[in-house]
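Asks: My structure is stored as upload.cif, with mmCIF, C-alpha atoms.
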```
data_upload
#
loop_
_atom_site.label_atom_id
_atom_site.label_comp_id
_atom_site.auth_asym_id
_atom_site.auth_seq_id
_atom_site.Cartn_x
_atom_site.Cartn_y
_atom_site.Cartn_z
CA MET T 11 32.99 -36.43 -58.54
CA GLY T 12 35.61 -35.22 -60.97
CA SER T 13 34.33 -33.84 -64.24
CA SER T 14 31.02 -32.32 -63.29
CA TYR T 15 31.56 -29.22 -65.42
CA GLY T 16 28.68 -28.78 -67.80
CA LYS T 17 26.60 -31.40 -66.03
CA LYS T 18 22.95 -30.56 -65.58
CA LYS T 19 22.18 -29.51 -62.03
CA PRO T 20 19.71 -31.74 -60.16
CA VAL T 21 17.15 -28.98 -59.54
CA GLY T 22 14.08 -31.20 -60.04
CA LYS T 23 15.36 -33.93 -57.72
CA MET T 24 16.26 -31.33 -55.12
CA VAL T 25 12.78 -29.80 -55.18
CA ILE T 26 11.02 -33.17 -54.87
CA MET T 27 13.22 -34.33 -51.98
CA GLY T 28 12.88 -30.88 -50.38
CA ILE T 29 9.09 -31.13 -50.43
CA ILE T 30 9.12 -34.65 -48.95
CA SER T 31 11.58 -33.49 -46.30
CA ILE T 32 9.42 -30.52 -45.30
CA ALA T 33 6.38 -32.82 -45.16
CA LEU T 34 8.23 -35.22 -42.85
CA TYR T 35 9.26 -32.41 -40.50
CA THR T 36 5.76 -30.95 -40.48
CA ALA T 37 4.29 -34.35 -39.63
CA LEU T 38 6.81 -34.84 -36.83
CA LEU T 39 6.23 -31.44 -35.22
CA MET T 40 2.44 -31.48 -35.66
CA ASN T 41 2.17 -34.83 -33.89
CA GLN T 42 4.93 -34.39 -31.34
CA ASP T 43 2.78 -35.20 -28.31
CA ILE T 44 1.65 -38.56 -29.69
CA ILE T 45 5.13 -39.39 -30.99
CA ASN T 46 6.82 -38.47 -27.70
CA ASN T 47 4.28 -40.49 -25.82
CA TYR T 48 5.15 -43.66 -27.75
CA ILE T 49 8.90 -43.13 -27.96
CA GLY T 50 9.09 -42.18 -24.26
CA ARG T 51 7.69 -45.59 -23.36
CA GLY T 52 10.88 -47.30 -24.56
CA GLY T 53 10.93 -51.10 -24.72
CA VAL T 54 9.42 -52.44 -27.93
CA TYR T 55 8.90 -48.88 -29.14
CA ALA T 56 12.68 -48.42 -29.36
CA PHE T 57 12.59 -49.21 -33.08
CA LEU T 58 10.48 -46.06 -33.70
CA PRO T 59 13.24 -43.44 -33.31
CA ILE T 60 15.68 -45.66 -35.23
CA VAL T 61 13.37 -46.13 -38.22
CA THR T 62 12.45 -42.42 -38.13
CA ALA T 63 16.14 -41.48 -38.20
CA PHE T 64 16.82 -43.71 -41.22
CA ILE T 65 13.87 -42.29 -43.18
CA PHE T 66 14.84 -38.68 -42.42
CA SER T 67 18.50 -39.30 -43.24
CA PHE T 68 17.63 -40.83 -46.62
CA VAL T 69 15.24 -38.09 -47.73
CA HIS T 70 16.94 -35.10 -46.15
CA GLY T 71 20.41 -36.47 -47.04
CA LYS T 72 19.52 -36.61 -50.73
CA PHE T 73 17.99 -33.14 -50.54
CA THR T 74 20.99 -31.52 -48.83
CA GLY T 75 23.43 -33.26 -51.20
CA ASP T 76 21.59 -31.93 -54.25
CA PHE T 77 21.17 -28.55 -52.55
CA TRP T 78 24.93 -27.89 -52.46
CA THR T 79 25.38 -29.21 -56.01
CA VAL T 80 22.68 -26.81 -57.22
CA MET T 81 24.38 -24.02 -55.26
CA GLY T 82 27.58 -24.80 -57.16
CA VAL T 83 29.53 -26.09 -54.15
CA GLU T 84 31.24 -29.30 -55.21
CA ALA T 85 34.35 -31.29 -54.34
CA ALA T 86 37.76 -30.31 -55.69
CA ARG T 87 38.08 -31.49 -59.28
CA LYS T 88 41.70 -32.43 -59.07
CA LYS T 89 42.88 -35.25 -56.88
CA LYS T 90 44.75 -33.82 -53.91
CA GLU T 91 48.44 -33.57 -54.65
CA VAL T 92 50.60 -35.59 -52.30
CA LYS T 93 54.30 -34.99 -52.76
CA MET B 29 14.34 -48.36 -16.28
CA HIS B 30 10.96 -46.65 -16.22
CA ASP B 31 11.15 -46.03 -12.52
CA ILE B 32 14.39 -44.12 -13.04
CA VAL B 33 13.26 -42.04 -15.93
CA ASN B 34 10.03 -40.18 -16.13
CA ALA B 35 9.88 -39.80 -19.89
CA ALA B 36 7.40 -36.92 -20.05
CA ALA B 37 9.51 -34.80 -17.68
CA ASN B 38 12.54 -35.29 -19.93
CA PHE B 39 11.03 -33.73 -23.05
CA ILE B 40 11.19 -29.94 -23.16
CA ASN B 41 8.77 -27.63 -24.92
CA LEU B 42 9.92 -26.57 -28.35
CA ASP B 43 9.26 -23.12 -29.70
CA ILE B 44 10.48 -21.47 -32.90
CA VAL B 45 13.52 -19.97 -31.14
CA ASN B 46 14.60 -23.37 -29.80
CA ILE B 47 14.02 -25.01 -33.17
CA THR B 48 16.06 -22.36 -35.02
CA TYR B 49 18.80 -22.59 -32.42
CA LEU B 50 19.01 -26.41 -32.66
CA PHE B 51 18.94 -26.27 -36.46
CA LEU B 52 21.79 -23.77 -36.58
CA VAL B 53 23.85 -25.56 -33.94
CA GLY B 54 23.18 -28.76 -35.91
CA PHE B 55 24.43 -27.11 -39.08
CA VAL B 56 27.70 -25.99 -37.55
CA GLY B 57 28.09 -29.29 -35.71
CA GLY B 58 27.53 -31.12 -38.99
CA LEU B 59 30.02 -28.89 -40.77
CA VAL B 60 32.66 -29.76 -38.21
CA SER B 61 31.74 -33.48 -38.24
CA GLY B 62 31.91 -33.64 -42.02
CA PHE B 63 35.37 -32.17 -41.80
CA ILE B 64 36.98 -33.87 -38.80
CA GLY B 65 34.75 -36.96 -38.63
CA SER B 66 33.31 -36.17 -35.28
CA GLY B 67 32.78 -33.30 -32.97
CA GLY B 68 29.30 -32.08 -33.63
CA ALA B 69 28.24 -33.49 -30.31
CA PHE B 70 30.58 -31.58 -28.07
CA VAL B 71 28.63 -28.49 -28.97
CA LEU B 72 25.26 -30.18 -29.43
CA THR B 73 25.10 -31.98 -26.08
CA PRO B 74 25.83 -28.84 -24.02
CA GLY B 75 23.70 -26.90 -26.51
CA MET B 76 20.69 -29.04 -25.64
CA MET B 77 21.57 -28.96 -21.95
CA SER B 78 21.54 -25.15 -22.11
CA LEU B 79 17.90 -25.38 -23.22
CA GLY B 80 17.10 -27.37 -20.09
CA VAL B 81 17.34 -30.86 -21.54
CA PRO B 82 18.70 -33.32 -18.93
CA GLY B 83 22.24 -34.55 -19.67
CA LEU B 84 21.23 -38.13 -20.39
CA VAL B 85 18.42 -37.18 -22.81
CA ALA B 86 20.81 -34.74 -24.51
CA VAL B 87 23.38 -37.54 -24.97
CA ALA B 88 20.71 -40.01 -26.18
CA SER B 89 19.08 -37.57 -28.62
CA ASN B 90 22.43 -36.48 -29.92
CA MET B 91 23.41 -40.08 -30.54
CA CYS B 92 20.17 -40.64 -32.44
CA HIS B 93 20.99 -37.76 -34.80
CA LYS B 94 24.62 -38.85 -35.04
CA PHE B 95 24.23 -42.24 -36.70
CA PRO B 96 22.09 -41.09 -39.65
CA LYS B 97 24.35 -38.06 -40.05
CA ALA B 98 27.48 -40.24 -39.96
CA LEU B 99 25.94 -42.54 -42.55
CA VAL B 100 25.33 -39.67 -44.96
CA GLY B 101 28.82 -38.25 -44.29
CA ALA B 102 30.55 -41.62 -44.68
CA ILE B 103 28.86 -42.25 -48.03
CA LYS B 104 29.88 -38.79 -49.21
CA ARG B 105 33.49 -39.16 -48.15
CA ALA B 106 33.71 -42.71 -49.50
CA LYS B 107 33.09 -41.14 -52.92
CA TYR B 108 36.32 -39.20 -52.38
CA GLY B 109 38.18 -42.42 -51.52
CA GLN B 110 38.80 -41.37 -47.93
CA VAL B 111 37.00 -44.14 -46.04
CA ASP B 112 38.53 -47.40 -44.79
CA VAL B 113 35.32 -49.35 -44.29
CA LYS B 114 37.05 -52.40 -42.81
CA LEU B 115 38.89 -50.37 -40.17
CA GLY B 116 35.67 -48.48 -39.41
CA ILE B 117 33.69 -51.67 -38.89
CA VAL B 118 36.40 -53.42 -36.84
CA LEU B 119 36.77 -50.38 -34.56
CA GLY B 120 33.02 -49.77 -34.62
CA ILE B 121 32.17 -53.22 -33.26
CA SER B 122 34.52 -52.87 -30.29
CA ALA B 123 33.27 -49.31 -29.86
CA GLU B 124 29.78 -50.75 -29.56
CA ALA B 125 30.88 -52.72 -26.49
CA GLY B 126 32.38 -49.51 -25.10
CA VAL B 127 29.11 -47.68 -25.71
CA LEU B 128 27.11 -50.30 -23.82
CA TYR B 129 29.50 -50.20 -20.89
CA GLY B 130 29.65 -46.39 -20.89
CA ALA B 131 25.85 -46.14 -21.01
CA HIS B 132 25.60 -48.54 -18.10
CA ILE B 133 27.91 -46.34 -16.01
CA GLN B 134 25.88 -43.26 -17.00
CA GLU B 135 22.62 -44.85 -15.92
CA SER B 136 24.09 -45.92 -12.60
CA ILE B 137 25.32 -42.38 -11.95
CA LYS B 138 21.92 -40.90 -12.79
CA LYS B 139 20.24 -43.42 -10.50
CA ALA B 140 22.57 -42.64 -7.61
CA PHE B 141 23.07 -38.89 -7.97
CA GLY B 142 20.23 -37.62 -10.19
CA ASP B 143 20.51 -35.11 -13.04
CA ALA B 144 23.11 -32.91 -11.33
CA GLY B 145 25.37 -35.93 -10.83
CA SER B 146 24.91 -37.02 -14.42
CA ASN B 147 25.62 -33.49 -15.66
CA LEU B 148 28.71 -33.19 -13.48
CA TYR B 149 30.07 -36.51 -14.75
CA VAL B 150 29.51 -35.49 -18.38
CA SER B 151 31.13 -32.09 -17.83
CA VAL B 152 34.18 -33.49 -16.02
CA ALA B 153 34.68 -36.09 -18.77
CA PHE B 154 34.46 -33.29 -21.35
CA VAL B 155 37.08 -31.18 -19.60
CA ALA B 156 39.50 -34.05 -18.98
CA ILE B 157 39.41 -35.53 -22.49
CA LEU B 158 39.30 -32.25 -24.37
CA GLY B 159 42.14 -30.92 -22.21
CA ILE B 160 44.50 -33.84 -22.71
CA VAL B 161 43.78 -34.91 -26.30
CA GLY B 162 42.94 -31.42 -27.60
CA THR B 163 46.23 -29.97 -26.40
CA PHE B 164 48.15 -32.88 -27.92
CA VAL B 165 46.45 -32.61 -31.32
CA LEU B 166 46.83 -28.84 -31.42
CA ARG B 167 50.53 -29.04 -30.48
CA ASP B 168 51.11 -31.55 -33.27
CA ALA B 169 49.33 -29.34 -35.82
CA TRP B 170 51.32 -26.33 -34.64
CA LYS B 171 54.61 -28.26 -34.99
CA THR B 172 53.68 -29.28 -38.54
CA TYR B 173 52.82 -25.67 -39.37
CA LYS B 174 56.04 -24.29 -37.84
CA SER B 175 58.21 -26.85 -39.59
CA GLY B 176 56.78 -25.73 -42.92
CA SER B 177 56.06 -29.33 -43.90
CA THR B 178 52.32 -28.88 -44.42
CA HIS B 179 52.63 -30.04 -48.03
CA GLU B 180 54.47 -33.21 -47.18
CA GLU B 181 52.90 -36.56 -46.62
CA GLU B 182 52.15 -37.11 -42.95
CA LYS B 183 54.76 -39.05 -41.03
CA VAL B 184 53.75 -42.24 -39.25
CA THR B 185 54.48 -41.86 -35.53
CA LYS B 186 56.96 -44.08 -33.68
CA ILE B 187 54.15 -45.71 -31.71
CA ALA B 188 52.27 -46.51 -34.93
CA LYS B 189 55.41 -47.99 -36.49
CA TRP B 190 55.82 -50.19 -33.41
CA VAL B 191 52.14 -51.22 -33.46
CA GLN B 192 52.43 -52.11 -37.15
CA SER B 193 55.61 -54.12 -36.51
CA ILE B 194 54.05 -56.42 -33.91
CA ASN B 195 52.90 -59.74 -35.36
CA ILE B 196 50.48 -61.77 -33.26
CA PRO B 197 49.46 -64.81 -35.34
CA GLY B 198 45.75 -65.30 -35.82
CA THR B 199 44.88 -61.68 -34.96
CA MET B 200 46.41 -59.82 -37.91
CA VAL B 201 44.17 -57.85 -40.29
CA TYR B 202 45.23 -55.76 -43.30
CA PHE B 203 43.86 -52.20 -43.38
CA LYS B 204 44.16 -50.14 -46.56
CA SER B 205 44.31 -46.80 -44.73
CA LEU B 206 47.40 -48.02 -42.83
CA ASN B 207 48.75 -50.01 -45.77
CA ALA B 208 49.80 -52.50 -43.10
CA ARG B 209 48.63 -55.47 -41.10
CA VAL B 210 47.74 -54.69 -37.50
CA SER B 211 46.67 -57.00 -34.70
CA VAL B 212 43.04 -56.58 -33.63
CA LEU B 213 44.38 -56.83 -30.08
CA PHE B 214 45.45 -53.21 -30.62
CA THR B 215 42.27 -52.04 -32.30
CA ILE B 216 39.88 -53.55 -29.73
CA PRO B 217 40.93 -51.38 -26.74
CA LEU B 218 41.04 -48.28 -28.97
CA GLY B 219 37.53 -48.99 -30.22
CA PHE B 220 36.32 -49.71 -26.69
CA ALA B 221 37.71 -46.39 -25.41
CA THR B 222 36.12 -44.57 -28.37
CA GLY B 223 32.74 -46.12 -27.56
CA MET B 224 32.96 -45.45 -23.86
CA LEU B 225 33.68 -41.81 -24.52
CA ALA B 226 30.87 -41.65 -27.05
CA ALA B 227 28.38 -42.98 -24.51
CA THR B 228 29.59 -40.46 -21.96
CA ILE B 229 29.99 -37.22 -23.89
CA ALA B 230 28.64 -38.39 -27.28
CA VAL B 231 31.93 -37.62 -29.03
CA GLY B 232 33.91 -40.81 -29.41
CA GLY B 233 35.91 -39.28 -32.22
CA PHE B 234 38.05 -37.30 -29.84
CA ILE B 235 39.68 -40.60 -28.93
CA GLY B 236 38.97 -42.45 -32.19
CA VAL B 237 40.50 -40.01 -34.70
CA PRO B 238 43.72 -39.26 -32.76
CA ALA B 239 44.05 -43.01 -32.00
CA MET B 240 43.84 -43.88 -35.71
CA ILE B 241 46.36 -41.17 -36.58
CA TYR B 242 48.88 -41.49 -33.78
CA VAL B 243 48.54 -45.12 -32.60
CA LEU B 244 47.61 -46.96 -35.79
CA GLY B 245 49.28 -44.67 -38.33
CA ALA B 246 46.34 -43.64 -40.55
CA PRO B 247 46.52 -40.38 -42.56
CA SER B 248 44.40 -37.57 -41.02
CA LEU B 249 41.94 -37.42 -43.90
CA MET B 250 41.30 -41.17 -43.84
CA ALA B 251 41.12 -41.25 -40.03
CA SER B 252 38.52 -38.49 -39.93
CA ALA B 253 36.47 -40.11 -42.71
CA THR B 254 36.70 -43.59 -41.17
CA GLU B 255 35.52 -42.16 -37.86
CA LEU B 256 32.17 -41.58 -39.57
CA VAL B 257 31.82 -45.35 -40.09
CA ILE B 258 32.63 -45.95 -36.42
CA ALA B 259 30.17 -43.23 -35.44
CA PHE B 260 27.48 -44.91 -37.52
CA VAL B 261 28.06 -48.39 -36.09
CA MET B 262 28.20 -47.34 -32.47
CA GLY B 263 25.65 -44.57 -32.84
CA LEU B 264 23.11 -47.06 -34.14
CA GLY B 265 23.66 -49.51 -31.28
CA GLY B 266 23.88 -46.74 -28.68
CA SER B 267 20.69 -45.07 -29.88
CA PHE B 268 18.83 -48.36 -29.68
CA LYS B 269 20.08 -48.92 -26.15
CA TYR B 270 18.91 -45.45 -25.05
CA ALA B 271 15.67 -45.82 -27.02
CA LEU B 272 14.88 -48.97 -25.05
CA SER B 273 14.76 -46.74 -21.98
CA GLY B 274 12.65 -44.10 -23.76
CA LEU B 275 15.40 -41.48 -23.44
CA VAL B 276 15.57 -40.34 -27.09
CA ASP B 277 13.78 -37.08 -27.84
CA ILE B 278 13.24 -37.69 -31.54
CA ARG B 279 12.15 -34.09 -32.18
CA LEU B 280 15.48 -32.75 -30.94
CA ALA B 281 17.38 -35.45 -32.86
CA MET B 282 15.60 -34.78 -36.16
CA ILE B 283 15.75 -30.98 -35.93
CA ILE B 284 19.49 -31.18 -35.31
CA LEU B 285 19.75 -33.69 -38.14
CA GLY B 286 17.93 -31.21 -40.37
CA GLY B 287 20.71 -28.66 -39.92
CA SER B 288 23.57 -31.10 -39.63
CA LEU B 289 22.96 -32.82 -42.98
CA PHE B 290 23.43 -29.45 -44.68
CA GLY B 291 26.61 -29.05 -42.66
CA ILE B 292 28.07 -32.52 -43.09
CA GLN B 293 27.79 -32.35 -46.87
CA LEU B 294 29.61 -29.03 -46.86
CA GLY B 295 32.27 -30.20 -44.39
CA ALA B 296 32.90 -33.35 -46.44
CA ILE B 297 33.30 -31.28 -49.61
CA GLY B 298 35.69 -29.04 -47.65
CA THR B 299 38.11 -31.91 -46.99
CA THR B 300 38.83 -32.19 -50.71
CA TYR B 301 40.27 -28.66 -50.74
CA VAL B 302 42.53 -28.56 -47.68
CA LYS B 303 45.91 -29.84 -46.54
CA PRO B 304 45.60 -32.79 -44.16
CA PHE B 305 47.04 -30.95 -41.14
CA MET B 306 44.01 -28.65 -41.21
CA ILE B 307 41.97 -31.56 -39.82
CA LYS B 308 44.16 -31.47 -36.71
CA VAL B 309 44.02 -27.67 -36.50
CA VAL B 310 40.23 -27.58 -36.52
CA MET B 311 39.94 -30.50 -34.13
CA GLY B 312 42.47 -29.14 -31.63
CA VAL B 313 41.23 -25.54 -31.67
CA ILE B 314 37.62 -26.51 -31.06
CA MET B 315 38.43 -29.06 -28.38
CA VAL B 316 40.52 -26.63 -26.37
CA THR B 317 37.96 -23.83 -26.66
CA VAL B 318 34.97 -25.94 -25.69
CA LEU B 319 36.70 -27.35 -22.65
CA PHE B 320 36.64 -23.89 -21.03
CA SER B 321 32.92 -23.66 -21.64
CA ARG B 322 32.27 -26.96 -19.85
CA ALA B 323 34.81 -26.27 -17.09
CA LEU B 324 32.82 -23.20 -15.99
CA MET B 325 29.76 -25.37 -15.40
CA VAL B 326 31.56 -27.83 -13.10
CA PRO B 327 31.19 -25.65 -9.94
CA VAL B 328 27.48 -25.15 -10.70
CA TYR B 329 26.78 -28.90 -10.73
CA MET B 330 29.09 -29.41 -7.74
CA SER B 331 27.11 -26.92 -5.68
CA GLN B 332 23.84 -28.57 -6.77
CA LEU B 333 25.21 -31.83 -5.39
CA GLY B 334 26.35 -30.14 -2.17
CA LEU B 335 30.02 -30.95 -2.86
CA ILE B 336 30.92 -27.28 -2.45
CA GLY B 337 29.15 -24.36 -0.79
CA GLN B 338 25.98 -22.92 -2.30
CA LEU B 339 26.68 -20.53 -5.16
CA GLY B 340 24.76 -17.25 -5.39
CA ASP B 341 22.15 -16.88 -8.11
CA THR B 342 24.15 -14.12 -9.76
CA THR B 343 27.28 -16.29 -9.85
CA VAL B 344 25.37 -19.24 -11.35
CA LYS B 345 23.82 -16.99 -14.00
CA ALA B 346 27.19 -15.42 -14.83
CA LEU B 347 28.86 -18.83 -15.11
CA LYS B 348 26.06 -20.20 -17.28
CA SER B 349 26.03 -17.27 -19.69
CA THR B 350 29.84 -17.14 -19.97
CA SER B 351 29.89 -20.90 -20.62
CA PHE B 352 27.26 -20.43 -23.28
CA ALA B 353 29.13 -17.54 -24.90
CA ILE B 354 32.37 -19.55 -25.08
CA MET B 355 30.50 -22.45 -26.67
CA ILE B 356 29.05 -20.18 -29.34
CA PHE B 357 32.54 -18.78 -29.89
CA ALA B 358 33.98 -22.29 -30.32
CA LEU B 359 31.21 -23.09 -32.78
CA ALA B 360 31.80 -19.96 -34.80
CA LEU B 361 35.56 -20.46 -34.71
CA GLY B 362 35.33 -24.04 -35.99
CA ALA B 363 32.97 -23.07 -38.77
CA PHE B 364 35.13 -20.10 -39.67
CA ILE B 365 38.32 -22.16 -39.99
CA VAL B 366 36.59 -24.84 -42.10
CA LEU B 367 34.89 -22.33 -44.39
CA LYS B 368 38.00 -20.18 -44.74
CA ALA B 369 40.17 -23.20 -45.59
CA MET B 370 37.56 -24.33 -48.09
CA TRP B 371 37.23 -20.90 -49.66
CA GLN B 372 41.01 -20.57 -50.03
CA GLY B 373 41.20 -24.05 -51.55
CA ARG B 374 38.44 -23.26 -54.03
CA ARG B 375 40.09 -19.97 -54.97
CA ALA B 376 43.45 -21.68 -55.51
CA GLU B 377 41.75 -24.27 -57.71
CA LYS B 378 40.01 -21.60 -59.79
CA LEU B 379 43.27 -19.67 -60.20
CA SER B 380 45.18 -22.74 -61.35
CA ALA B 381 42.34 -23.59 -63.76
CA GLN B 382 42.50 -20.06 -65.20
CA GLU B 383 46.29 -20.31 -65.48
CA ALA B 384 45.97 -23.61 -67.30
CA ILE B 385 43.48 -22.06 -69.75
CA SER B 386 45.65 -19.01 -70.44
CA HIS B 387 48.67 -21.30 -70.76
CA SER B 388 46.94 -23.45 -73.34
CA LYS B 389 45.94 -20.31 -75.30
CA VAL B 390 49.63 -19.28 -75.48
#
```
The structure given in the file should be rewritten as structure tokens.
Replies:
Amino acid sequence: MGSSYGKKKPVGKMVIMGIISIALYTALLMNQDIINNYIGRGGVYAFLPIVTAFIFSFVHGKFTGDFWTVMGVEAARKKKEVK
Amino acid sequence: MHDIVNAAANFINLDIVNITYLFLVGFVGGLVSGFIGSGGAFVLTPGMMSLGVPGLVAVASNMCHKFPKALVGAIKRAKYGQVDVKLGIVLGISAEAGVLYGAHIQESIKKAFGDAGSNLYVSVAFVAILGIVGTFVLRDAWKTYKSGSTHEEEKVTKIAKWVQSINIPGTMVYFKSLNARVSVLFTIPLGFATGMLAATIAVGGFIGVPAMIYVLGAPSLMASATELVIAFVMGLGGSFKYALSGLVDIRLAMIILGGSLFGIQLGAIGTTYVKPFMIKVVMGVIMVTVLFSRALMVPVYMSQLGLIGQLGDTTVKALKSTSFAIMIFALALGAFIVLKAMWQGRRAEKLSAQEAISHSKV
């Protein structure tokens, strides 16, 4: 993470992932009745929430990571001093 | 399972206020989790319950947001060299067994006593664990602060030294976070307890993190980061188990995830700026505050079950809103401490960078 001074900020990547993330959320909330109906059945449909969670975490995780980098919030540059 | 749970009745209506609320609670929960490795759930589970979500659905949905969140957080903190993947996986596997057993107990309670029974069980577990472990962690942080040794490397406790000194042939595993070999016969019960607690109140870390610090001898930063690996392993298994019964409300889980991924990234970044004892401070302060919130709800559930006399409507309302207010306070307090510590750390770093520049000019 160290020497990120002067590095180009990932604005483009953030925007793309942000758009995909918003699309995923819109799809989920627009179709909540159908989705709930299937997931509420349990059994073989148990994989549905798990797969959904992985997809959202990948897309939204990348977006939020880039978001803070673009905002200028990054990890400490020095290694923590331990006396 | 389907005769126990009527899925449709478990899923609440979501409006913009609920969504915003869950997103914000998710953010703060994520911030805390990114920092102390766990702990989003102790605000998220009651947070969902306050919207009318049954206890078991709240626990299941929380768990389904926890494993993807923990995955993102673990990857982030691994970049900072804080994660002991082997310890996380070893503890995580035994935690998985604890989750399955804990979930089984939960389902039996719901079957026998209904939602009020399930809610009462969750609340009592909250109060007991947060009371005992929270006080211990906070006392330890306070002692470190008072002794003025916040800069020093953390001392390994006597128990941890003893655990590390025991050699049971055939069961010894080397863990880099401990820089020692420890018998898995010690890690298995710790993992199991972490998982059982996770299945009950969705926050296994309140056993897992202190156990890694005080019983195994891991540094706070590594313990809190490694907890994210445990949370991922057991969260994944636990979510699947609950999903088999149709108890996961994916909308709640993903909305909370939406906020919490912003938070967990920030909380993880925060750990690179603070002294290790701050992990204990944040953990202890939040645990002790939240326990009061849950404790107030115990009489409400007890009266619903007929264990005590009927409470008046005004009393129930007053208890509910006070409980809610304390929870919000705990949330705000946790976020405040993390952000303040991070801000101070960033300022100190900037100042030393400026000093270095002016020094080099001279």
Asks: Would you give me, as JSON, numbers by chain, the residues of chain T that come within 10 Å of chain B, using only C-alpha atoms?
Replies: {"T": [11, 12, 31, 32, 34, 35, 38, 39, 42, 43, 45, 46, 47, 48, 49, 50, 51, 52, 53, 54, 55, 56, 57, 58, 59, 60, 62, 63, 64, 65, 66, 67, 68, 70, 71, 72, 73, 74, 75, 76, 77, 78, 79, 83, 84, 85, 86, 87, 88, 89, 90, 91, 92, 93]}
Asks: Name all residues at most 10 Å from Met200 in chain B (count all atoms listed in the file; drop same-chain ones fewer than 6 positions away) and give them as a compact mmCIF listing (two decimals) with C-alpha atoms, in the coordinates of the input.
Replies:
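Result went into selection-v4.txt, see below:
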```txt
# COMPACT_ATOMS: atom_id res chain seq x y z
CA GLN B 192 52.43 -52.11 -37.15
CA ILE B 194 54.05 -56.42 -33.91
CA ALA B 208 49.80 -52.50 -43.10
CA ARG B 209 48.63 -55.47 -41.10
CA VAL B 210 47.74 -54.69 -37.50
CA SER B 211 46.67 -57.00 -34.70
CA VAL B 212 43.04 -56.58 -33.63
CA LEU B 213 44.38 -56.83 -30.08
CA PHE B 214 45.45 -53.21 -30.62
```
Asks: Starting from the PyMOL selection byres ((chain B and resi 340-352) around 10), expand the selection into actual residues of this file and give them as a count of residues only.
Replies: 26
Asks: List the residues matched by the PyMOL selection byres ((chain B and resi 224-237) around 6) in the displayed structure as a PyMOL selection string, ordered by chain and then by residue number.
Replies: chain B and resi 66-67+69+87+126-127+130-131+150+221-223+238-240+251-252
Asks: Show me, as AutoDock Vina command-line options, the centre and edge lengths in Å to one decimal of the axis-aligned box that covers every listed atom of range 35-41 of chain T with 4 Å on each side.
Replies:
```
--center_x 5.7 --center_y -32.9 --center_z -37.2 --size_x 15.1 --size_y 11.9 --size_z 14.6
```
Asks: To verify the selection step, state as a list in words which residues the PyMOL selection byres ((chain B and resi 144) around 8) yields on this input.
Replies: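 For this structure, the PyMOL selection byres ((chain B and resi 144) around 8) captures Phe141, Gly142, Asp143, Gly145, Ser146, Asn147, Leu148, Tyr329, Met330, Gln332 and Leu333 of chain B.
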Asks: How about saving the chosen residues, C-alpha atoms kept, as a PDB file, keeping the file's coordinate frame?
Replies:
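Below is the file that was written, out-v8.pdb:
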```pdb
ATOM      1  CA  PHE B 141      23.070 -38.890  -7.970  1.00  0.00           C
ATOM      2  CA  GLY B 142      20.230 -37.620 -10.190  1.00  0.00           C
ATOM      3  CA  ASP B 143      20.510 -35.110 -13.040  1.00  0.00           C
ATOM      4  CA  GLY B 145      25.370 -35.930 -10.830  1.00  0.00           C
ATOM      5  CA  SER B 146      24.910 -37.020 -14.420  1.00  0.00           C
ATOM      6  CA  ASN B 147      25.620 -33.490 -15.660  1.00  0.00           C
ATOM      7  CA  LEU B 148      28.710 -33.190 -13.480  1.00  0.00           C
ATOM      8  CA  TYR B 329      26.780 -28.900 -10.730  1.00  0.00           C
ATOM      9  CA  MET B 330      29.090 -29.410  -7.740  1.00  0.00           C
ATOM     10  CA  GLN B 332      23.840 -28.570  -6.770  1.00  0.00           C
ATOM     11  CA  LEU B 333      25.210 -31.830  -5.390  1.00  0.00           C
TER      12      LEU B 333
END
```
Asks: Can you measure CA of Ile30 in chain T to CA of Lys18 in chain T for me? One decimal in Å is fine.
Replies: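 Answer for the CA of Ile30 in chain T to CA of Lys18 in chain T separation: 22.0 Å.
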Asks: Identify, on the basis of all atoms listed in the file, every residue whose closest approach to Gly159 in chain B does not exceed 10 Å; exclude the query and any residue fewer than 2 positions from it along the same chain; express the result as a PyMOL selection string.
Replies: chain B and resi 153-157+161-164+312+315-320
